[in-house]
file upload.csv (CSV, C-alpha atoms (C1' of nucleotides))
chain,number,residue,atom,x,y,z
P,1,MET,CA,6.7,3.7,-30.8
P,2,LEU,CA,7.9,7.2,-31.5
P,3,THR,CA,9.6,8.3,-34.8
P,4,ASP,CA,13.0,9.8,-34.4
P,5,GLY,CA,11.6,13.2,-35.1
P,6,GLN,CA,8.9,12.7,-32.5
P,7,PHE,CA,11.4,11.5,-29.9
P,8,GLU,CA,13.6,14.5,-30.6
P,9,TYR,CA,10.6,16.8,-30.0
P,10,PHE,CA,9.5,14.8,-26.9
P,11,TYR,CA,13.0,14.9,-25.4
P,12,SER,CA,13.4,18.6,-26.0
P,13,HIS,CA,10.8,19.3,-23.3
P,14,PHE,CA,12.9,17.8,-20.6
P,15,LYS,CA,15.3,20.0,-18.6
P,16,ARG,CA,18.5,18.1,-17.7
P,17,GLN,CA,19.6,18.9,-14.2
P,18,ALA,CA,22.4,17.8,-11.9
P,19,PHE,CA,21.5,17.4,-8.3
P,20,GLN,CA,23.4,16.8,-5.0
P,21,LYS,CA,22.8,14.6,-2.1
P,22,GLY,CA,20.3,16.2,0.3
P,23,GLN,CA,18.8,18.6,-2.3
P,24,ALA,CA,15.0,18.9,-2.0
P,25,LEU,CA,13.0,18.7,-5.2
P,26,ILE,CA,9.5,18.8,-3.9
P,27,THR,CA,8.6,20.1,-0.4
P,28,GLU,CA,5.3,19.7,1.4
P,29,GLY,CA,3.1,22.7,1.1
P,30,ASP,CA,4.8,24.0,-2.1
P,31,ARG,CA,3.5,24.1,-5.6
P,32,VAL,CA,4.5,21.1,-7.7
P,33,ASP,CA,5.3,21.8,-11.3
P,34,TYR,CA,7.5,18.9,-12.4
P,35,GLU,CA,7.9,15.2,-12.4
P,36,TYR,CA,11.4,13.8,-12.5
P,37,PHE,CA,13.0,11.0,-14.5
P,38,VAL,CA,16.2,9.7,-12.8
P,39,VAL,CA,19.2,9.3,-15.1
P,40,SER,CA,21.7,8.5,-12.4
P,41,GLY,CA,21.7,8.6,-8.6
P,42,CYS,CA,18.7,8.0,-6.3
P,43,LEU,CA,15.8,9.9,-5.0
P,44,LYS,CA,13.2,9.3,-2.3
P,45,SER,CA,9.6,10.4,-2.0
P,46,PHE,CA,8.4,10.5,1.5
P,47,PHE,CA,5.9,11.8,4.0
P,48,ILE,CA,6.6,13.3,7.4
P,49,ASN,CA,3.8,12.9,10.0
P,50,ASP,CA,3.0,15.1,13.0
P,51,ASP,CA,5.5,13.3,15.2
P,52,MET,CA,8.2,14.0,12.6
P,53,LYS,CA,8.4,10.4,11.7
P,54,MET,CA,9.3,9.7,8.1
P,55,PHE,CA,7.6,7.2,5.8
P,56,ILE,CA,9.2,6.5,2.4
P,57,LEU,CA,6.8,5.9,-0.5
P,58,GLN,CA,9.5,5.2,-3.1
P,59,PHE,CA,13.1,5.0,-3.8
P,60,ALA,CA,13.6,6.2,-7.3
P,61,MET,CA,16.5,4.6,-9.1
P,62,PRO,CA,17.7,5.2,-12.6
P,63,THR,CA,15.0,5.0,-15.2
P,64,TRP,CA,12.3,5.5,-12.6
P,65,TRP,CA,10.1,8.6,-12.2
P,66,ALA,CA,9.1,10.5,-9.1
P,67,SER,CA,6.8,13.3,-8.1
P,68,ASP,CA,3.8,14.1,-6.0
P,69,TYR,CA,1.4,12.9,-8.6
P,70,ASN,CA,-1.7,13.9,-6.7
P,71,ALA,CA,-0.5,17.5,-6.3
P,72,LEU,CA,1.0,17.5,-9.8
P,73,TYR,CA,-2.2,16.3,-11.6
P,74,HIS,CA,-4.6,18.4,-9.5
P,75,ARG,CA,-2.5,21.5,-9.1
P,76,THR,CA,-2.7,21.4,-5.4
P,77,LYS,CA,0.0,21.9,-2.7
P,78,ALA,CA,2.4,19.1,-2.2
P,79,THR,CA,1.6,16.7,0.6
P,80,ILE,CA,4.7,14.5,0.1
P,81,ASN,CA,8.4,15.4,-0.3
P,82,VAL,CA,10.9,14.3,-2.9
P,83,ASP,CA,14.7,14.7,-2.3
P,84,CYS,CA,18.0,13.3,-3.3
P,85,ILE,CA,19.7,10.5,-1.5
P,86,THR,CA,22.8,10.7,-3.6
P,87,ASP,CA,24.3,13.0,-6.2
P,88,GLY,CA,23.0,12.4,-9.6
P,89,GLU,CA,21.3,13.6,-12.7
P,90,LEU,CA,17.7,13.9,-13.8
P,91,LEU,CA,15.4,15.0,-16.5
P,92,CYS,CA,12.6,17.4,-15.4
P,93,LEU,CA,9.3,17.4,-17.2
P,94,SER,CA,6.7,20.0,-16.3
P,95,ASN,CA,3.0,19.0,-15.9
P,96,ASP,CA,2.0,21.4,-18.6
P,97,ASP,CA,4.6,20.0,-21.0
P,98,ARG,CA,3.5,16.4,-20.3
P,99,GLU,CA,-0.1,17.2,-20.9
P,100,LYS,CA,0.8,19.1,-24.1
P,101,LEU,CA,2.9,16.2,-25.3
P,102,CYS,CA,0.1,13.8,-24.5
P,103,ARG,CA,-2.3,15.9,-26.4
P,104,GLU,CA,0.0,16.3,-29.4
P,105,ILE,CA,1.4,12.8,-29.7
P,106,HIS,CA,-1.0,9.9,-29.1
P,107,ASN,CA,1.9,7.5,-28.5
P,108,VAL,CA,3.2,9.7,-25.7
P,109,GLU,CA,-0.2,9.5,-24.0
P,110,HIS,CA,0.0,5.7,-24.5
P,111,PHE,CA,3.4,5.6,-22.9
P,112,PHE,CA,2.3,7.5,-19.8
P,113,ARG,CA,-0.8,5.4,-19.4
P,114,TRP,CA,1.3,2.2,-19.3
P,115,ARG,CA,3.9,3.7,-17.0
P,116,THR,CA,1.2,4.8,-14.6
P,117,ASN,CA,-0.4,1.4,-14.8
P,118,LYS,CA,2.9,-0.2,-13.9
P,119,GLY,CA,3.2,2.2,-10.9
P,120,PHE,CA,-0.4,1.3,-9.8
P,121,VAL,CA,0.3,-2.4,-10.0
P,122,ALA,CA,3.5,-2.0,-8.0
P,123,ALA,CA,1.8,0.0,-5.3
P,124,GLN,CA,-0.9,-2.6,-5.0
P,125,LYS,CA,1.7,-5.3,-4.8
P,126,ARG,CA,3.5,-3.5,-2.0
P,127,LEU,CA,0.2,-3.0,-0.1
P,128,LEU,CA,-0.4,-6.8,-0.3
P,129,SER,CA,3.1,-7.5,0.9
P,130,PHE,CA,2.6,-5.1,3.8
P,131,MET,CA,-0.5,-6.9,4.9
P,132,ASN,CA,0.8,-10.4,4.3
P,133,ASN,CA,4.5,-10.5,5.2
P,134,ASN,CA,6.6,-9.7,8.2
P,135,VAL,CA,9.5,-7.2,8.3
P,136,LYS,CA,12.2,-9.8,7.6
P,137,TYR,CA,10.5,-11.1,4.5
P,138,ARG,CA,9.8,-7.6,3.2
P,139,TYR,CA,13.4,-6.5,3.8
P,140,GLU,CA,14.7,-9.5,1.8
P,141,GLU,CA,12.2,-9.0,-0.9
P,142,LEU,CA,13.3,-5.4,-1.2
P,143,LEU,CA,17.0,-6.2,-1.4
P,144,GLU,CA,16.4,-9.0,-3.8
P,145,GLN,CA,14.6,-6.5,-6.1
P,146,TYR,CA,17.1,-3.7,-5.6
P,147,PRO,CA,20.4,-5.0,-4.4
P,148,GLU,CA,22.0,-1.6,-5.0
P,149,LEU,CA,20.0,-0.1,-2.2
P,150,TYR,CA,22.0,-2.0,0.4
P,151,ASN,CA,25.1,0.0,-0.3
P,152,ILE,CA,23.6,3.3,-1.3
P,153,VAL,CA,20.9,3.9,1.3
P,154,PRO,CA,21.3,4.1,5.1
P,155,LYS,CA,19.4,1.4,7.0
P,156,GLN,CA,17.3,4.1,8.7
P,157,LEU,CA,15.8,4.9,5.4
P,158,ILE,CA,15.2,1.3,4.5
P,159,ALA,CA,13.4,1.0,7.8
P,160,ALA,CA,11.3,4.0,6.9
P,161,TYR,CA,10.4,2.3,3.6
P,162,LEU,CA,9.5,-0.9,5.3
P,163,GLY,CA,7.4,0.9,7.9
P,164,VAL,CA,9.3,-0.3,11.0
P,165,SER,CA,11.7,1.3,13.5
P,166,ARG,CA,15.4,1.3,12.7
P,167,GLU,CA,16.0,-0.7,15.9
P,168,THR,CA,13.8,-3.5,14.7
P,169,LEU,CA,15.5,-3.6,11.3
P,170,SER,CA,18.9,-3.7,13.0
P,171,ARG,CA,17.9,-6.5,15.3
P,172,LEU,CA,16.8,-8.7,12.3
P,173,TYR,CA,20.5,-9.5,11.6
P,174,HIS,CA,22.0,-8.7,15.0
P,175,PRO,CA,19.9,-10.7,17.4
T,1,MET,CA,-14.4,14.9,-24.1
T,2,LEU,CA,-16.0,12.4,-26.5
T,3,THR,CA,-18.5,13.3,-29.2
T,4,ASP,CA,-21.9,11.6,-29.0
T,5,GLY,CA,-20.9,9.3,-31.8
T,6,GLN,CA,-17.6,8.5,-30.2
T,7,PHE,CA,-19.3,7.7,-26.9
T,8,GLU,CA,-21.8,5.5,-28.7
T,9,TYR,CA,-19.0,3.6,-30.3
T,10,PHE,CA,-17.1,3.4,-27.0
T,11,TYR,CA,-20.1,2.2,-25.1
T,12,SER,CA,-20.9,-0.4,-27.7
T,13,HIS,CA,-17.8,-2.4,-26.6
T,14,PHE,CA,-19.1,-2.9,-23.1
T,15,LYS,CA,-21.1,-6.0,-22.3
T,16,ARG,CA,-23.7,-5.4,-19.7
T,17,GLN,CA,-24.0,-8.2,-17.2
T,18,ALA,CA,-26.1,-8.9,-14.1
T,19,PHE,CA,-24.3,-10.6,-11.2
T,20,GLN,CA,-25.3,-12.2,-8.0
T,21,LYS,CA,-23.8,-12.2,-4.5
T,22,GLY,CA,-21.0,-14.6,-4.3
T,23,GLN,CA,-20.3,-14.9,-8.0
T,24,ALA,CA,-16.6,-15.0,-9.0
T,25,LEU,CA,-15.5,-12.8,-11.8
T,26,ILE,CA,-11.8,-13.4,-11.7
T,27,THR,CA,-10.2,-16.4,-10.0
T,28,GLU,CA,-6.5,-16.9,-9.2
T,29,GLY,CA,-4.7,-18.9,-11.8
T,30,ASP,CA,-7.2,-18.3,-14.6
T,31,ARG,CA,-6.8,-16.1,-17.6
T,32,VAL,CA,-8.0,-12.5,-17.2
T,33,ASP,CA,-9.8,-11.0,-20.2
T,34,TYR,CA,-11.9,-8.3,-18.8
T,35,GLU,CA,-12.0,-5.3,-16.5
T,36,TYR,CA,-15.3,-4.4,-14.9
T,37,PHE,CA,-17.1,-1.2,-14.3
T,38,VAL,CA,-19.6,-1.3,-11.5
T,39,VAL,CA,-23.1,0.1,-12.3
T,40,SER,CA,-24.7,-1.0,-9.1
T,41,GLY,CA,-23.8,-3.3,-6.3
T,42,CYS,CA,-20.4,-4.0,-4.9
T,43,LEU,CA,-17.3,-6.1,-5.8
T,44,LYS,CA,-14.2,-7.0,-3.9
T,45,SER,CA,-10.7,-7.7,-5.3
T,46,PHE,CA,-8.7,-9.8,-2.9
T,47,PHE,CA,-5.8,-12.1,-2.4
T,48,ILE,CA,-5.7,-15.4,-0.5
T,49,ASN,CA,-2.3,-16.4,1.1
T,50,ASP,CA,-1.0,-19.9,1.8
T,51,ASP,CA,-2.7,-19.9,5.2
T,52,MET,CA,-6.0,-19.3,3.4
T,53,LYS,CA,-6.1,-15.8,5.0
T,54,MET,CA,-7.8,-13.2,2.8
T,55,PHE,CA,-6.6,-9.7,2.1
T,56,ILE,CA,-8.9,-7.2,0.4
T,57,LEU,CA,-7.3,-4.8,-2.1
T,58,GLN,CA,-10.4,-2.9,-3.0
T,59,PHE,CA,-14.1,-2.6,-2.6
T,60,ALA,CA,-15.5,-1.6,-5.9
T,61,MET,CA,-18.6,0.5,-5.5
T,62,PRO,CA,-20.7,2.0,-8.3
T,63,THR,CA,-18.7,4.0,-10.9
T,64,TRP,CA,-15.5,2.2,-9.8
T,65,TRP,CA,-13.5,-0.3,-11.9
T,66,ALA,CA,-12.0,-3.6,-10.9
T,67,SER,CA,-9.7,-6.2,-12.3
T,68,ASP,CA,-6.4,-7.9,-11.9
T,69,TYR,CA,-4.6,-5.2,-13.8
T,70,ASN,CA,-1.2,-6.9,-13.7
T,71,ALA,CA,-2.6,-10.1,-15.3
T,72,LEU,CA,-4.9,-8.2,-17.6
T,73,TYR,CA,-2.1,-5.9,-19.0
T,74,HIS,CA,0.5,-8.6,-19.3
T,75,ARG,CA,-1.7,-11.5,-20.3
T,76,THR,CA,-0.5,-13.6,-17.4
T,77,LYS,CA,-2.6,-15.8,-15.0
T,78,ALA,CA,-4.5,-14.0,-12.3
T,79,THR,CA,-2.8,-13.7,-8.9
T,80,ILE,CA,-5.8,-11.9,-7.3
T,81,ASN,CA,-9.5,-12.7,-7.3
T,82,VAL,CA,-12.5,-10.5,-7.9
T,83,ASP,CA,-16.0,-11.5,-6.8
T,84,CYS,CA,-19.4,-10.0,-5.9
T,85,ILE,CA,-20.3,-8.9,-2.4
T,86,THR,CA,-23.9,-8.1,-3.4
T,87,ASP,CA,-26.1,-8.6,-6.4
T,88,GLY,CA,-25.7,-5.9,-9.0
T,89,GLU,CA,-24.9,-5.0,-12.5
T,90,LEU,CA,-21.7,-4.3,-14.3
T,91,LEU,CA,-20.2,-3.3,-17.6
T,92,CYS,CA,-17.4,-5.6,-18.9
T,93,LEU,CA,-14.7,-4.4,-21.2
T,94,SER,CA,-12.1,-6.8,-22.7
T,95,ASN,CA,-8.5,-5.9,-22.6
T,96,ASP,CA,-8.3,-6.2,-26.4
T,97,ASP,CA,-11.2,-3.8,-26.8
T,98,ARG,CA,-9.8,-1.3,-24.3
T,99,GLU,CA,-6.5,-1.3,-26.2
T,100,LYS,CA,-8.3,-1.0,-29.5
T,101,LEU,CA,-10.4,1.9,-28.3
T,102,CYS,CA,-7.3,3.6,-26.8
T,103,ARG,CA,-5.6,3.3,-30.2
T,104,GLU,CA,-8.6,4.5,-32.2
T,105,ILE,CA,-9.7,7.4,-30.0
T,106,HIS,CA,-7.1,9.5,-28.4
T,107,ASN,CA,-9.4,10.8,-25.8
T,108,VAL,CA,-10.2,7.3,-24.6
T,109,GLU,CA,-6.5,6.8,-24.0
T,110,HIS,CA,-6.5,10.1,-22.1
T,111,PHE,CA,-9.4,9.0,-20.0
T,112,PHE,CA,-7.8,5.7,-19.0
T,113,ARG,CA,-4.5,7.4,-18.2
T,114,TRP,CA,-6.3,9.7,-15.8
T,115,ARG,CA,-8.3,6.9,-14.3
T,116,THR,CA,-5.2,4.9,-13.7
T,117,ASN,CA,-3.4,7.9,-12.2
T,118,LYS,CA,-6.3,8.3,-9.8
T,119,GLY,CA,-6.0,4.6,-8.8
T,120,PHE,CA,-2.2,5.0,-8.4
T,121,VAL,CA,-2.6,8.0,-6.1
T,122,ALA,CA,-5.2,6.2,-4.0
T,123,ALA,CA,-3.0,3.1,-3.6
T,124,GLN,CA,-0.1,5.3,-2.4
T,125,LYS,CA,-2.4,7.1,0.0
T,126,ARG,CA,-3.6,3.9,1.5
T,127,LEU,CA,0.0,2.6,1.8
T,128,LEU,CA,0.8,5.8,3.8
T,129,SER,CA,-2.2,5.4,6.0
T,130,PHE,CA,-1.2,1.8,6.6
T,131,MET,CA,2.3,2.8,7.8
T,132,ASN,CA,1.1,5.9,9.7
T,133,ASN,CA,-2.2,5.1,11.4
T,134,ASN,CA,-3.5,2.5,13.7
T,135,VAL,CA,-6.5,0.2,13.0
T,136,LYS,CA,-9.1,2.5,14.7
T,137,TYR,CA,-8.1,5.5,12.7
T,138,ARG,CA,-8.0,3.5,9.4
T,139,TYR,CA,-11.4,2.1,10.1
T,140,GLU,CA,-13.0,5.4,10.8
T,141,GLU,CA,-11.2,6.9,7.7
T,142,LEU,CA,-12.7,4.1,5.6
T,143,LEU,CA,-16.2,4.6,6.9
T,144,GLU,CA,-16.0,8.3,6.5
T,145,GLN,CA,-15.1,7.9,2.9
T,146,TYR,CA,-17.6,5.1,2.2
T,147,PRO,CA,-20.4,5.1,4.7
T,148,GLU,CA,-22.4,2.6,2.6
T,149,LEU,CA,-19.9,-0.1,3.4
T,150,TYR,CA,-21.0,-0.2,7.0
T,151,ASN,CA,-24.4,-1.7,6.1
T,152,ILE,CA,-23.5,-3.6,3.0
T,153,VAL,CA,-20.2,-5.4,3.9
T,154,PRO,CA,-19.7,-7.8,6.8
T,155,LYS,CA,-17.2,-6.7,9.4
T,156,GLN,CA,-15.0,-9.7,8.6
T,157,LEU,CA,-14.4,-8.2,5.1
T,158,ILE,CA,-13.7,-4.8,6.5
T,159,ALA,CA,-11.1,-6.4,8.8
T,160,ALA,CA,-9.6,-8.1,5.8
T,161,TYR,CA,-9.4,-4.7,4.0
T,162,LEU,CA,-7.8,-3.0,7.0
T,163,GLY,CA,-5.3,-5.9,7.4
T,164,VAL,CA,-6.3,-6.9,10.9
T,165,SER,CA,-8.2,-9.8,12.5
T,166,ARG,CA,-11.9,-9.6,12.8
T,167,GLU,CA,-11.5,-10.0,16.6
T,168,THR,CA,-9.4,-6.9,16.8
T,169,LEU,CA,-11.9,-4.9,14.7
T,170,SER,CA,-14.7,-6.2,16.9
T,171,ARG,CA,-12.9,-5.2,20.1
T,172,LEU,CA,-12.5,-1.6,18.9
T,173,TYR,CA,-16.1,-0.8,19.7
T,174,HIS,CA,-16.8,-3.6,22.3
T,175,PRO,CA,-13.9,-3.3,24.7
M,1,DA,C1',-39.7,-26.1,15.9
M,2,DA,C1',-35.4,-28.0,14.9
M,3,DT,C1',-31.2,-27.6,12.4
M,4,DA,C1',-27.4,-25.5,10.3
M,5,DC,C1',-24.7,-21.7,8.7
M,6,DT,C1',-22.7,-17.3,8.8
M,7,DG,C1',-21.5,-13.4,11.3
M,8,DT,C1',-20.1,-11.6,15.9
M,9,DG,C1',-18.6,-10.9,20.7
M,10,DT,C1',-15.2,-12.1,24.3
M,11,DG,C1',-11.8,-14.2,27.4
M,12,DA,C1',-6.9,-15.8,28.0
M,13,DT,C1',-2.5,-16.0,26.3
M,14,DC,C1',1.4,-14.9,23.3
M,15,DC,C1',4.7,-12.3,20.5
M,16,DA,C1',6.4,-9.0,16.9
M,17,DG,C1',7.6,-4.8,16.9
M,18,DG,C1',7.7,0.0,19.3
M,19,DT,C1',9.9,3.1,22.5
M,20,DC,C1',13.5,5.0,25.3
M,21,DA,C1',18.0,5.4,26.8
M,22,DC,C1',22.6,4.5,26.1
M,23,DT,C1',26.9,2.9,23.6
M,24,DT,C1',29.7,2.1,19.6
M,25,DT,C1',31.1,2.6,14.9
M,26,DT,C1',31.7,5.1,10.7
M,27,DG,C1',32.8,8.8,8.0
M,28,DA,C1',33.3,13.5,6.7
M,29,DA,C1',35.5,18.1,7.9
M,30,DT,C1',38.8,20.8,9.9
D,1,DA,C1',45.2,13.3,13.9
D,2,DT,C1',41.2,15.3,16.1
D,3,DT,C1',36.6,16.6,16.3
D,4,DC,C1',31.9,16.2,15.3
D,5,DA,C1',27.8,14.3,13.4
D,6,DA,C1',25.3,10.8,11.5
D,7,DA,C1',24.4,5.9,11.5
D,8,DA,C1',24.1,1.7,13.6
D,9,DG,C1',23.9,-1.7,17.7
D,10,DT,C1',21.9,-3.1,22.1
D,11,DG,C1',19.4,-3.8,26.5
D,12,DA,C1',15.0,-3.3,29.2
D,13,DC,C1',10.5,-2.8,29.0
D,14,DC,C1',5.8,-2.0,27.1
D,15,DT,C1',1.8,-2.7,24.0
D,16,DG,C1',-1.2,-3.4,19.9
D,17,DG,C1',-2.8,-6.9,17.7
D,18,DA,C1',-2.7,-12.1,16.6
D,19,DT,C1',-4.3,-16.5,17.8
D,20,DC,C1',-7.2,-20.0,19.8
D,21,DA,C1',-11.3,-21.4,21.9
D,22,DC,C1',-15.9,-21.0,22.8
D,23,DA,C1',-20.4,-18.6,23.3
D,24,DC,C1',-24.2,-16.3,21.2
D,25,DA,C1',-26.7,-14.1,18.0
D,26,DG,C1',-29.4,-13.9,13.5
D,27,DT,C1',-31.5,-15.9,9.4
D,28,DA,C1',-32.2,-19.3,6.1
D,29,DT,C1',-33.6,-24.2,5.2
D,30,DT,C1',-36.0,-28.2,6.1
call {"tool": "encode", "arguments": {"input": "upload.csv", "output": "structure tokens"}}
result
Amino acid sequence: MLTDGQFEYFYSHFKRQAFQKGQALITEGDRVDYEYFVVSGCLKSFFINDDMKMFILQFAMPTWWASDYNALYHRTKATINVDCITDGELLCLSNDDREKLCREIHNVEHFFRWRTNKGFVAAQKRLLSFMNNNVKYRYEELLEQYPELYNIVPKQLIAAYLGVSRETLSRLYHP
Amino acid sequence: MLTDGQFEYFYSHFKRQAFQKGQALITEGDRVDYEYFVVSGCLKSFFINDDMKMFILQFAMPTWWASDYNALYHRTKATINVDCITDGELLCLSNDDREKLCREIHNVEHFFRWRTNKGFVAAQKRLLSFMNNNVKYRYEELLEQYPELYNIVPKQLIAAYLGVSRETLSRLYHP
DNA sequence: AATACTGTGTGATCCAGGTCACTTTTGAAT
DNA sequence: ATTCAAAAGTGACCTGGATCACACAGTATT
């Protein structure tokens, strides 16, 4: 889709960054300037409610993107957090640079439209699964889709993704 | 964003269509060629599971769009349905025409990227509310955001949107 | 007015999953 | 090896919401 020269230019706007397990990338209440493309490692985007309970919106594996897209697009304070589950490496793209690149190169805008559509469809699909399926099914669905998660991510976090307590998840396979 | 001439051209690709209560626009298993912009009236997009239970993904009110975006973008058979809750009027845009317009007019592609992002953020937000809040809260959140729904849409459908049984919804305010 | 259909209310019962409190395992750090 | 912290398992108990069954609107249709 992009010529070599265009890709070179596109790529030059990304900042490569190493990150360590536990490092916060986006914190609730802060400004959000970047979205992140995962080269290696694993991120999570999550929300903490008033009772300090965590809900995970997304595990971002290699080739996935993560950010607080509401805050990023509308220049408002973050309402969700993004941090690192493992060490790894990522490419950072600022909102300004993305918009600039989208303006300058039509195909870049096309790319981001399709990526966002993919995310939208995935979110709707997850919503349906939430309404339709019980925990066990959703857990197996998740592991089928991302078998790596089983080894990388503590069960607590998987429970927070599935929207159940860690006890319930534990009891699924230790009745 | 668009010049008058561009808008004229853009608009010329939409087919205006009147629709009646109960009319199906997209049916599971069929091909999906269009997305729909609601001028007046109200649509629902929904999924029916093996037990014939309905789950509503979206109520589409005026100025909203609806389709099976997965099927539409990937030219696969519909997995979700869209039909009309009330009489009304809509503008139909074919997938081919959207892609053509996006190719021809950069700003159209920009528009659809932003629209899709908005949908993505809304879906994520609903997912969070699902995990975080109980039925009563979600019901009141919904009515606060779309007070019209209360009069237009039967409670059964609201229950199917909230992901609870109609009995439970009824008991919320008739204990 | 009688019929039929769609939307609701409501009681009784059941169960998936939550919560709390405690124990055990694992794994990293000294 | 020892210590400490994070993760995971487990028992007892509670509760929101599902399910089933039936009653009671409204509002078309004949």
call {"tool": "interface_residues", "arguments": {"input": "upload.csv", "of": "chain P", "to": "chain T", "cutoff": "9 Å", "atoms": "only C-alpha atoms", "output": "NGL selection string"}}
result
:P and (47 or 49 or 53 or 55-57 or 68-70 or 73 or 102-103 or 106-107 or 109-110 or 112-114 or 116-124 or 126-128 or 130-132 or 162-164)
call {"tool": "write_last_selection", "arguments": {"input": "upload.csv", "atoms": "C-alpha atoms", "output": "PDB file, keeping the file's coordinate frame"}}
result
ATOM      1  CA  PHE P  47       5.900  11.800   4.000  1.00  0.00           C
ATOM      2  CA  ASN P  49       3.800  12.900  10.000  1.00  0.00           C
ATOM      3  CA  LYS P  53       8.400  10.400  11.700  1.00  0.00           C
ATOM      4  CA  PHE P  55       7.600   7.200   5.800  1.00  0.00           C
ATOM      5  CA  ILE P  56       9.200   6.500   2.400  1.00  0.00           C
ATOM      6  CA  LEU P  57       6.800   5.900  -0.500  1.00  0.00           C
ATOM      7  CA  ASP P  68       3.800  14.100  -6.000  1.00  0.00           C
ATOM      8  CA  TYR P  69       1.400  12.900  -8.600  1.00  0.00           C
ATOM      9  CA  ASN P  70      -1.700  13.900  -6.700  1.00  0.00           C
ATOM     10  CA  TYR P  73      -2.200  16.300 -11.600  1.00  0.00           C
ATOM     11  CA  CYS P 102       0.100  13.800 -24.500  1.00  0.00           C
ATOM     12  CA  ARG P 103      -2.300  15.900 -26.400  1.00  0.00           C
ATOM     13  CA  HIS P 106      -1.000   9.900 -29.100  1.00  0.00           C
ATOM     14  CA  ASN P 107       1.900   7.500 -28.500  1.00  0.00           C
ATOM     15  CA  GLU P 109      -0.200   9.500 -24.000  1.00  0.00           C
ATOM     16  CA  HIS P 110       0.000   5.700 -24.500  1.00  0.00           C
ATOM     17  CA  PHE P 112       2.300   7.500 -19.800  1.00  0.00           C
ATOM     18  CA  ARG P 113      -0.800   5.400 -19.400  1.00  0.00           C
ATOM     19  CA  TRP P 114       1.300   2.200 -19.300  1.00  0.00           C
ATOM     20  CA  THR P 116       1.200   4.800 -14.600  1.00  0.00           C
ATOM     21  CA  ASN P 117      -0.400   1.400 -14.800  1.00  0.00           C
ATOM     22  CA  LYS P 118       2.900  -0.200 -13.900  1.00  0.00           C
ATOM     23  CA  GLY P 119       3.200   2.200 -10.900  1.00  0.00           C
ATOM     24  CA  PHE P 120      -0.400   1.300  -9.800  1.00  0.00           C
ATOM     25  CA  VAL P 121       0.300  -2.400 -10.000  1.00  0.00           C
ATOM     26  CA  ALA P 122       3.500  -2.000  -8.000  1.00  0.00           C
ATOM     27  CA  ALA P 123       1.800   0.000  -5.300  1.00  0.00           C
ATOM     28  CA  GLN P 124      -0.900  -2.600  -5.000  1.00  0.00           C
ATOM     29  CA  ARG P 126       3.500  -3.500  -2.000  1.00  0.00           C
ATOM     30  CA  LEU P 127       0.200  -3.000  -0.100  1.00  0.00           C
ATOM     31  CA  LEU P 128      -0.400  -6.800  -0.300  1.00  0.00           C
ATOM     32  CA  PHE P 130       2.600  -5.100   3.800  1.00  0.00           C
ATOM     33  CA  MET P 131      -0.500  -6.900   4.900  1.00  0.00           C
ATOM     34  CA  ASN P 132       0.800 -10.400   4.300  1.00  0.00           C
ATOM     35  CA  LEU P 162       9.500  -0.900   5.300  1.00  0.00           C
ATOM     36  CA  GLY P 163       7.400   0.900   7.900  1.00  0.00           C
ATOM     37  CA  VAL P 164       9.300  -0.300  11.000  1.00  0.00           C
TER      38      VAL P 164
END
call {"tool": "atom_distance", "arguments": {"input": "upload.csv", "atom1": "CA of Glu89 in chain T", "atom2": "CA of Gln17 in chain T"}}
result
5.8 Å
call {"tool": "interface_residues", "arguments": {"input": "upload.csv", "of": "chain P", "to": "chain M", "cutoff": "10 Å", "atoms": "only C-alpha atoms (C1' of nucleotides)", "output": "ChimeraX atom specification"}}
result
/P:134-135,164-165,167-169
call {"tool": "closest_residue", "arguments": {"input": "upload.csv", "among": "P:Pro154, P:Leu142, P:Tyr173, P:Leu90", "to": "chain D", "atoms": "all atoms listed in the file"}}
result
P:Pro154
call {"tool": "atom_distance", "arguments": {"input": "upload.csv", "atom1": "CA of Lys15 in chain P", "atom2": "CA of Tyr34 in chain P"}}
result
10.0 Å
call {"tool": "closest_atom_pairs", "arguments": {"input": "upload.csv", "of": "chain D", "to": "chain P", "cutoff": "9 Å", "atoms": "only C-alpha atoms (C1' of nucleotides)", "output": "CSV"}}
result
residue,atom,partner,partner_atom,distance
D:DA7,C1',P:Pro154,CA,7.3
D:DA8,C1',P:Ser170,CA,7.5
D:DG9,C1',P:Ser170,CA,7.1
D:DT10,C1',P:Arg171,CA,8.6
call {"tool": "atom_distance", "arguments": {"input": "upload.csv", "atom1": "CA of Leu93 in chain T", "atom2": "CA of Asp33 in chain T"}}
result
8.3 Å
call {"tool": "residues_around", "arguments": {"input": "upload.csv", "residues": "Asn151 in chain P", "least_positions_apart": "6", "cutoff": "12 Å", "atoms": "only C-alpha atoms (C1' of nucleotides)", "output": "PDB file with C-alpha atoms, in the frame of the given file"}}
result
ATOM      1  CA  CYS P  42      18.700   8.000  -6.300  1.00  0.00           C
ATOM      2  CA  ILE P  85      19.700  10.500  -1.500  1.00  0.00           C
ATOM      3  CA  THR P  86      22.800  10.700  -3.600  1.00  0.00           C
ATOM      4  CA  LEU P 143      17.000  -6.200  -1.400  1.00  0.00           C
ATOM      5  CA  LEU P 157      15.800   4.900   5.400  1.00  0.00           C
ATOM      6  CA  ILE P 158      15.200   1.300   4.500  1.00  0.00           C
TER       7      ILE P 158
END
call {"tool": "residues_near_point", "arguments": {"input": "upload.csv", "point": "(21.7, 9.3, -13.0)", "cutoff": "6 Å", "atoms": "all atoms listed in the file", "output": "ChimeraX atom specification"}}
result
/P:38-41,62,88-89
